[in-house]
Each structure stands twice: as C-alpha cells, then as structure tokens.
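Asker: Sharing query_23.cif (mmCIF, C-alpha atoms) below.
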```cif
data_final
#
loop_
_atom_site.label_atom_id
_atom_site.label_comp_id
_atom_site.auth_asym_id
_atom_site.auth_seq_id
_atom_site.Cartn_x
_atom_site.Cartn_y
_atom_site.Cartn_z
CA MET A 139 233.74 6.62 110.37
CA PRO A 140 236.17 7.78 107.65
CA THR A 141 237.07 11.47 107.87
CA ILE A 142 237.68 13.37 104.65
CA ALA A 143 239.59 16.64 104.38
CA PHE A 144 238.57 18.99 101.56
CA ALA A 145 241.39 21.25 100.33
CA GLN A 146 239.12 24.04 99.08
CA LEU A 147 242.12 26.28 98.59
CA GLU A 148 244.00 28.38 96.07
CA PRO A 149 246.49 26.24 94.10
CA SER A 150 249.36 28.40 95.41
CA THR A 151 248.80 27.04 98.93
CA PRO A 152 251.82 24.96 100.06
CA VAL A 153 250.91 21.28 99.86
CA GLU A 154 253.08 20.35 102.83
CA ASP A 155 251.11 22.74 105.05
CA ILE A 156 247.82 21.33 103.78
CA CYS A 157 248.83 17.74 104.48
CA ALA A 158 250.13 18.55 107.96
CA GLN A 159 246.91 20.37 108.85
CA ALA A 160 244.77 17.54 107.46
CA ALA A 161 246.63 15.08 109.67
CA ARG A 162 246.14 17.30 112.72
CA GLN A 163 242.43 17.42 111.97
CA GLY A 164 242.25 13.62 111.95
CA ALA A 165 241.69 13.13 108.23
CA ASP A 166 241.83 9.65 106.74
CA ILE A 167 241.62 10.96 103.17
CA LEU A 168 242.72 14.34 101.82
CA LEU A 169 240.92 15.42 98.66
CA PHE A 170 242.16 18.11 96.24
CA PRO A 171 240.30 19.99 93.48
CA GLU A 172 240.74 19.15 89.81
CA MET A 173 244.15 19.49 88.12
CA TRP A 174 245.82 21.01 91.19
CA ASN A 175 249.32 21.34 89.68
CA ILE A 176 248.11 24.11 87.33
CA GLY A 177 244.99 25.20 89.22
CA TYR A 178 242.85 24.10 86.30
CA GLY A 179 244.50 26.98 84.44
CA ILE A 180 243.50 25.96 80.93
CA SER A 181 242.05 27.99 78.08
CA GLU A 182 241.23 27.59 74.41
CA GLU A 183 243.94 30.12 73.54
CA GLU A 184 247.54 28.94 73.25
CA PRO A 185 246.92 25.40 74.53
CA GLU A 186 250.57 24.58 73.90
CA VAL A 187 251.46 26.84 76.85
CA TRP A 188 249.43 25.00 79.50
CA LEU A 189 249.89 21.59 77.89
CA SER A 190 253.65 22.06 78.32
CA ARG A 191 253.06 22.02 82.09
CA ALA A 192 251.87 18.39 82.07
CA LEU A 193 253.79 16.12 84.44
CA THR A 194 254.72 12.45 84.42
CA LEU A 195 253.97 10.08 87.27
CA ASP A 196 257.65 9.97 88.22
CA SER A 197 257.81 13.76 88.60
CA ALA A 198 258.86 15.51 91.80
CA TYR A 199 255.26 16.72 92.13
CA VAL A 200 253.87 13.18 92.41
CA GLU A 201 256.78 11.96 94.52
CA GLY A 202 256.15 14.87 96.89
CA PHE A 203 252.57 13.77 97.45
CA ARG A 204 253.70 10.20 98.06
CA THR A 205 256.23 11.36 100.63
CA LEU A 206 253.67 13.54 102.42
CA ALA A 207 251.09 10.74 102.51
CA ARG A 208 253.65 8.45 104.10
CA ARG A 209 254.94 11.10 106.51
CA HIS A 210 251.50 12.11 107.78
CA GLU A 211 249.84 8.69 107.36
CA VAL A 212 246.98 10.22 105.38
CA ALA A 213 245.63 8.95 102.08
CA ILE A 214 245.68 11.66 99.40
CA LEU A 215 243.66 12.08 96.22
CA ALA A 216 246.20 14.10 94.23
CA THR A 217 245.28 15.66 90.89
CA LEU A 218 247.35 16.82 87.95
CA LEU A 219 247.63 17.50 84.26
CA GLU A 220 249.45 14.31 83.31
CA ALA A 221 251.82 13.81 80.38
CA THR A 222 251.27 10.44 78.68
CA ASP A 223 252.22 8.84 75.36
CA GLU A 224 248.59 9.32 74.26
CA GLY A 225 248.61 13.04 75.10
CA ALA A 226 247.91 15.10 78.21
CA ARG A 227 245.25 13.82 80.59
CA ASN A 228 243.20 15.17 83.47
CA THR A 229 244.32 12.66 86.10
CA ALA A 230 243.69 11.80 89.74
CA LEU A 231 245.93 9.52 91.80
CA LEU A 232 244.80 7.86 95.01
CA ILE A 233 247.83 7.50 97.25
CA ASP A 234 247.42 5.43 100.40
CA ARG A 235 248.90 6.30 103.80
CA THR A 236 252.05 4.28 103.04
CA GLY A 237 252.76 6.42 99.97
CA SER A 238 251.72 3.82 97.39
CA ILE A 239 249.61 4.75 94.37
CA VAL A 240 246.67 2.37 94.67
CA LEU A 241 244.36 3.82 92.01
CA LYS A 242 244.88 5.98 88.92
CA TYR A 243 242.01 7.57 87.02
CA ALA A 244 241.95 9.84 83.98
CA LYS A 245 238.81 11.88 83.31
CA VAL A 246 236.63 9.97 80.83
CA HIS A 247 234.10 12.70 80.02
CA THR A 248 236.39 15.51 78.94
CA CYS A 249 234.66 18.82 78.18
CA ASP A 250 235.22 18.63 74.42
CA PHE A 251 233.10 21.74 73.85
CA ALA A 252 235.86 23.79 75.55
CA ALA A 253 239.60 23.70 76.21
CA GLU A 254 239.56 20.09 77.39
CA ARG A 255 239.21 19.00 73.79
CA HIS A 256 243.02 19.20 73.76
CA LEU A 257 243.19 16.42 76.36
CA SER A 258 243.14 12.69 75.88
CA PRO A 259 240.15 11.04 77.63
CA GLY A 260 240.58 8.21 80.10
CA ASN A 261 239.60 4.69 79.14
CA GLY A 262 237.57 3.33 82.02
CA PHE A 263 236.28 3.46 85.59
CA ARG A 264 238.01 1.46 88.31
CA THR A 265 237.85 0.97 92.05
CA CYS A 266 240.16 -0.22 94.81
CA THR A 267 240.03 -1.05 98.50
CA LEU A 268 241.73 1.74 100.40
CA GLU A 269 243.14 0.83 103.81
CA THR A 270 242.68 3.73 106.21
CA LYS A 271 243.06 4.16 109.96
CA ALA A 272 239.26 3.97 110.12
CA GLY A 273 239.32 0.64 108.26
CA PRO A 274 239.01 -0.43 104.61
CA VAL A 275 236.72 1.42 102.23
CA ASN A 276 236.02 0.64 98.58
CA VAL A 277 236.80 3.78 96.59
CA GLY A 278 236.16 5.00 93.04
CA ILE A 279 236.96 8.29 91.32
CA MET A 280 235.16 10.57 88.91
CA ILE A 281 236.19 14.09 87.92
CA CYS A 282 233.88 17.12 87.54
CA PHE A 283 231.99 16.67 84.22
CA ASP A 284 231.87 12.89 84.82
CA ARG A 285 229.24 13.73 87.44
CA GLU A 286 226.78 14.70 84.69
CA PHE A 287 226.64 11.16 83.30
CA PRO A 288 224.77 8.63 85.47
CA GLU A 289 226.86 5.86 83.92
CA SER A 290 230.01 7.06 85.70
CA ALA A 291 228.72 6.47 89.22
CA ARG A 292 226.66 3.46 88.15
CA ILE A 293 229.71 1.59 86.87
CA LEU A 294 231.66 2.46 90.00
CA MET A 295 228.79 1.14 92.13
CA LEU A 296 228.74 -2.08 90.11
CA GLU A 297 232.49 -2.40 90.69
CA GLY A 298 231.91 -2.18 94.43
CA ALA A 299 232.51 1.48 95.27
CA GLU A 300 231.20 2.67 98.62
CA LEU A 301 232.77 6.11 98.27
CA ILE A 302 233.41 8.19 95.15
CA LEU A 303 236.04 10.91 95.37
CA THR A 304 235.32 13.77 92.97
CA PRO A 305 237.84 16.54 92.24
CA ASN A 306 236.08 19.55 90.74
CA ALA A 307 236.68 22.94 89.08
CA CYS A 308 233.45 24.70 88.15
CA PRO A 309 230.58 26.71 89.67
CA MET A 310 228.69 24.34 91.95
CA GLU A 311 225.17 25.70 91.66
CA ILE A 312 221.93 23.98 92.63
CA ASN A 313 221.63 21.76 89.56
CA ARG A 314 225.17 20.38 89.76
CA LEU A 315 224.71 19.77 93.46
CA CYS A 316 221.50 17.91 92.62
CA GLN A 317 223.47 15.71 90.22
CA LEU A 318 225.75 14.64 93.06
CA ARG A 319 222.78 14.04 95.31
CA SER A 320 221.16 11.89 92.62
CA ARG A 321 224.30 9.84 92.01
CA ALA A 322 224.58 9.17 95.76
CA TYR A 323 220.87 8.34 96.09
CA GLU A 324 220.50 5.97 93.15
CA ASN A 325 223.71 4.04 93.89
CA MET A 326 223.60 4.11 97.70
CA LEU A 327 227.15 5.36 98.06
CA ALA A 328 228.95 8.36 99.51
CA ILE A 329 230.27 11.10 97.21
CA ALA A 330 232.91 13.59 98.36
CA THR A 331 233.54 16.53 96.03
CA CYS A 332 236.26 19.16 96.41
CA ASN A 333 236.07 22.42 94.45
CA TYR A 334 238.27 25.49 94.26
CA PRO A 335 237.14 28.50 96.32
CA GLU A 336 235.59 31.64 94.92
CA GLY A 337 238.21 33.68 93.11
CA VAL A 338 239.81 30.73 91.31
CA GLY A 339 238.43 30.92 87.78
CA GLU A 340 234.66 30.58 87.84
CA CYS A 341 234.65 28.34 90.92
CA ASN A 342 232.61 29.09 94.02
CA GLY A 343 233.62 26.52 96.63
CA ALA A 344 230.62 24.50 97.88
CA SER A 345 232.62 21.30 98.38
CA THR A 346 230.25 18.61 99.60
CA LEU A 347 229.87 15.20 101.20
CA PHE A 348 226.73 13.16 100.51
CA ASP A 349 226.61 10.01 102.62
CA GLY A 350 224.25 7.99 100.38
CA ILE A 351 221.69 7.20 103.09
CA ALA A 352 218.39 8.66 101.89
CA TYR A 353 216.05 7.05 104.42
CA SER A 354 216.13 6.21 108.10
CA GLU A 355 213.58 4.85 110.57
CA GLU A 356 212.25 8.39 110.83
CA GLY A 357 211.74 8.66 107.06
CA SER A 358 213.45 10.69 104.38
CA ARG A 359 216.66 12.44 105.44
CA ASP A 360 219.15 14.89 103.98
CA MET A 361 222.11 12.95 102.55
CA CYS A 362 224.24 16.13 102.50
CA VAL A 363 226.28 15.83 105.68
CA PHE A 364 228.69 18.63 104.71
CA LYS A 365 228.64 21.65 102.41
CA ALA A 366 231.36 24.30 102.48
CA GLY A 367 230.81 27.95 101.84
CA SER A 368 232.47 29.85 99.02
CA GLY A 369 235.69 30.84 100.78
CA SER A 370 239.07 29.19 101.16
CA GLY A 371 239.70 26.62 103.83
CA LEU A 372 240.67 23.08 104.72
CA PHE A 373 237.45 21.47 105.90
CA THR A 374 236.84 18.02 107.37
CA ALA A 375 233.72 15.89 107.46
CA SER A 376 232.95 12.27 108.32
CA PHE A 377 230.34 9.73 107.28
CA ASP A 378 229.15 6.54 108.92
CA LEU A 379 230.44 3.79 106.67
CA GLU A 380 228.97 0.95 108.72
CA ALA A 381 225.54 2.61 108.60
CA LEU A 382 225.90 2.94 104.82
CA ARG A 383 226.82 -0.73 104.52
CA ALA A 384 223.78 -1.74 106.58
CA TYR A 385 221.58 0.54 104.47
CA ARG A 386 222.90 -1.05 101.25
CA ARG A 387 222.01 -4.51 102.55
CA SER A 388 218.36 -3.56 103.04
CA GLU A 389 217.32 -0.78 100.64
CA VAL A 390 215.96 -1.15 97.10
CA HIS A 391 218.40 0.95 95.03
CA GLY A 392 221.73 -0.15 93.61
CA ASN A 393 221.91 -3.39 91.67
CA CYS A 394 219.27 -5.83 92.93
CA TYR A 395 216.24 -4.78 90.86
CA ARG A 396 217.91 -3.60 87.66
CA HIS A 397 217.04 -5.09 84.24
CA PRO A 398 220.30 -4.79 82.29
CA GLU A 399 218.96 -7.06 79.53
CA LEU A 400 216.77 -4.10 78.49
CA TYR A 401 219.49 -1.45 78.53
CA GLY A 402 221.20 -2.20 75.22
CA MET A 403 220.43 1.26 73.83
CA LEU A 404 222.72 2.74 76.47
CA ILE A 405 225.77 1.47 74.60
CA ASP A 406 224.52 2.46 71.14
CA LYS A 407 226.96 5.04 69.74
CA LYS A 408 224.38 6.62 67.44
CA VAL A 409 223.73 10.33 68.08
CA GLU A 410 220.74 12.05 66.52
CA GLU A 411 219.15 15.49 66.65
CA PRO A 412 218.84 17.51 68.80
CA PHE A 413 222.11 16.22 70.31
CA ILE A 414 224.42 16.41 67.29
CA ARG A 415 227.46 18.61 68.00
CA SER A 416 230.26 19.40 65.58
CA ASP A 417 232.89 19.20 68.35
CA ARG A 418 231.91 15.70 69.49
CA ARG A 419 234.92 13.42 69.78
CA VAL A 420 234.50 10.34 67.60
#
```
How would this structure read if it were set down as structure tokens?
Answerer:
Amino acid sequence: MPTIAFAQLEPSTPVEDICAQAARQGADILLFPEMWNIGYGISEEEPEVWLSRALTLDSAYVEGFRTLARRHEVAILATLLEATDEGARNTALLIDRTGSIVLKYAKVHTCDFAAERHLSPGNGFRTCTLETKAGPVNVGIMICFDREFPESARILMLEGAELILTPNACPMEINRLCQLRSRAYENMLAIATCNYPEGVGECNGASTLFDGIAYSEEGSRDMCVFKAGSGSGLFTASFDLEALRAYRRSEVHGNCYRHPELYGMLIDKKVEEPFIRSDRRV
C-alpha cells in the first residue's frame, strides 16, 4: 500500500524538515503544492518580477530535492516555475528515492485568462513506473487547472497510470473536489492532490486522496480515503494498490468499452459561441 505525504504547508517551510518528517511518517511519495519555489506567487501586474524567479533544472533548488530524496529514500514530486528556452513553465518533477528525475511534466492547461498567460504550456502527458519501497506504481502528473479537462486524466489512464499526482494552488470547493472524484471514477485510478493551506493566496487546503475504487461487494463506496482540513500540516494517507489493480481487471470503466472511432470531434480545434474568448491561446 503506497503511502503519500501531502505537504500542505506555507512555501517558507524548510524543505529539509518536510522531507525528514515525511520519511519518519513512512511516506513512499512526498507531494508538494503547485509552483513551490515561489509559492504560486504570480500576478498579472509586473510579470517580469516573478518570471525572473524561474529556475533551471540544474539549479540548487532542484539539486536540493534530489539530494533529499536520496538521503531519506522517499520519492518527491517537486514543483517549480521553470526557466526554459520556450519561456517559463509551471513544472513538476518526479524524483525517485535514488535522487533520479524519472518524470518531468509542464502544465498543459495554463490559466490563460489570468497571470498564467505569461507561461509557456507543456506539450503532452506522460507516465512512468516509479519504484517505491511499497513496490512499483505507474504514475502520471497533472497540475491544478488540468483537472478541469477530462482529457488530461483520460490520456494518463490510456498510458497506464494507476496514480495521478496533482499539485494544486486554488480554492478546493465542492465542485473542484467533484472533478477529482469524477476523474478517479471514470478512469479507475487513484488521484492525490496537494494544495496550499488557508492563508496562502486564495487557497484553503483540502488536499485529497481518491483511491479510484467506486464499488465493492457491499455496493457503492466513498473513493475519498483522505481529505485534509484547511490548516497547515504534513499529512499522510495510503491506498490499496493491489485492490485497485484487481478492481481495474473486473470493472467496466477505463478503456474496454470506449468507442474512440466516434470521438473525432474531440480533437477539432474549432471554437464557437458561447465559448469564444479573446484571451484564448492559439
């Protein structure tokens, strides 16, 4: 049963202390909120100020996470505002317990109606097999607003994801929580989301773990196996990966009964009223 630590903390919290505590609590994976290196401190005013804080993958910040993952033998989903040749990106790096970067993801669905329009979107969804002390798990990543597009989780499911790690930085109210529940339900996978606590921007905590198992022999069940409150803390929660794998072999969701030959409209780039927006990235 993989154990996930949720760093629902202020971005000023020392990372070394967080990693050491996560290891003491038996975490296999330590998950941070979105854009941890600047605490998602972005605004539409003076973007050059916060964009100047973007970091490269060979920065001391990234190397520090790699060292801590190796030292504490804990996989870490580290997040940052990344400097690239294509512009700054909202990036997450999955670092395994040996300190190797095994998966890099840049947010595809940037919030172009707000300050994220100054960022360069990512170019795809990818997965990897993460080796943990609890055994291998197939992992994908999506970031915050990606959650609002069913395609994000669907593609990750099709690529083999059993667990989606989701850094976040927004108010997690009932409708956004329902989006995560839906993504877990329809793809039969676990989704772990880490948000900033109340007091950091507009965030309100409510980090969650949905295990993806909607039905048992007793009938319908609550897939939410963990939900944090609004305050700061390093929380841990586990999910039964073997039970999820057995569930995926027998239930009807996922990929077996899809009809992709009928879904061509999903890749049509045409946008018509009432969805036309002047700030849409073309």
Asker: Can you list what the PyMOL selection byres ((chain A and resi 265) around 8) grabs from this structure, as a PDB file with C-alpha atoms, keeping the file's coordinate frame?
Answerer:
```
ATOM      1  CA  LEU A 241     244.360   3.820  92.010  1.00  0.00           C
ATOM      2  CA  PHE A 263     236.280   3.460  85.590  1.00  0.00           C
ATOM      3  CA  ARG A 264     238.010   1.460  88.310  1.00  0.00           C
ATOM      4  CA  CYS A 266     240.160  -0.220  94.810  1.00  0.00           C
ATOM      5  CA  THR A 267     240.030  -1.050  98.500  1.00  0.00           C
ATOM      6  CA  ASN A 276     236.020   0.640  98.580  1.00  0.00           C
ATOM      7  CA  VAL A 277     236.800   3.780  96.590  1.00  0.00           C
ATOM      8  CA  GLY A 278     236.160   5.000  93.040  1.00  0.00           C
ATOM      9  CA  ILE A 279     236.960   8.290  91.320  1.00  0.00           C
ATOM     10  CA  LEU A 294     231.660   2.460  90.000  1.00  0.00           C
ATOM     11  CA  GLU A 297     232.490  -2.400  90.690  1.00  0.00           C
ATOM     12  CA  GLY A 298     231.910  -2.180  94.430  1.00  0.00           C
ATOM     13  CA  ALA A 299     232.510   1.480  95.270  1.00  0.00           C
TER      14      ALA A 299
END
```
Asker: Would you please work out which residue, of A:Asp417, A:Gln317, A:Glu311, A:Ala375, is nearest to Glu286 (chain A) when using all atoms listed in the file?
Answerer: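 Closest candidate: A:Gln317.
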Asker: Separation of CA of Ala158 (chain A) and CA of Leu206 (chain A), in Å?
Answerer: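 For CA of Ala158 (chain A) relative to CA of Leu206 (chain A), the distance reads 8.3 Å.
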Asker: One decimal, Å: what's the distance from CA of Pro171 (chain A) over to CA of His391 (chain A), could you say?
Answerer: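 Going from CA of Pro171 (chain A) over to CA of His391 (chain A), I get 29.1 Å.
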Asker: Output as JSON the centre and edge lengths (Å, one decimal) of the box along x, y and z of the file that holds every listed atom of region 251-261 of chain A after adding 4 Å on each side.
Answerer:
```
{"center_x": 238.1, "center_y": 14.2, "center_z": 76.9, "size_x": 18.1, "size_y": 27.1, "size_z": 14.3}
```
Asker: Around the point (252.0, 14.1, 95.1) (coordinates from the file), which residues reach within 12 Å if we count all atoms listed in the file? Answer as a short mmCIF file (atom, residue, chain, number, x, y, z; two decimals) with C-alpha atoms, in the frame of the given file.
Answerer:
```cif
data_model
loop_
_atom_site.label_atom_id
_atom_site.label_comp_id
_atom_site.auth_asym_id
_atom_site.auth_seq_id
_atom_site.Cartn_x
_atom_site.Cartn_y
_atom_site.Cartn_z
CA PRO A 152 251.82 24.96 100.06
CA VAL A 153 250.91 21.28 99.86
CA GLU A 154 253.08 20.35 102.83
CA CYS A 157 248.83 17.74 104.48
CA LEU A 168 242.72 14.34 101.82
CA LEU A 169 240.92 15.42 98.66
CA PHE A 170 242.16 18.11 96.24
CA MET A 173 244.15 19.49 88.12
CA TRP A 174 245.82 21.01 91.19
CA ASN A 175 249.32 21.34 89.68
CA LEU A 193 253.79 16.12 84.44
CA THR A 194 254.72 12.45 84.42
CA LEU A 195 253.97 10.08 87.27
CA ASP A 196 257.65 9.97 88.22
CA SER A 197 257.81 13.76 88.60
CA ALA A 198 258.86 15.51 91.80
CA TYR A 199 255.26 16.72 92.13
CA VAL A 200 253.87 13.18 92.41
CA GLU A 201 256.78 11.96 94.52
CA GLY A 202 256.15 14.87 96.89
CA PHE A 203 252.57 13.77 97.45
CA ARG A 204 253.70 10.20 98.06
CA THR A 205 256.23 11.36 100.63
CA LEU A 206 253.67 13.54 102.42
CA ALA A 207 251.09 10.74 102.51
CA ARG A 208 253.65 8.45 104.10
CA ALA A 213 245.63 8.95 102.08
CA ILE A 214 245.68 11.66 99.40
CA LEU A 215 243.66 12.08 96.22
CA ALA A 216 246.20 14.10 94.23
CA THR A 217 245.28 15.66 90.89
CA LEU A 218 247.35 16.82 87.95
CA THR A 229 244.32 12.66 86.10
CA ALA A 230 243.69 11.80 89.74
CA LEU A 231 245.93 9.52 91.80
CA LEU A 232 244.80 7.86 95.01
CA ILE A 233 247.83 7.50 97.25
CA ASP A 234 247.42 5.43 100.40
CA GLY A 237 252.76 6.42 99.97
CA SER A 238 251.72 3.82 97.39
CA ILE A 239 249.61 4.75 94.37
#
```
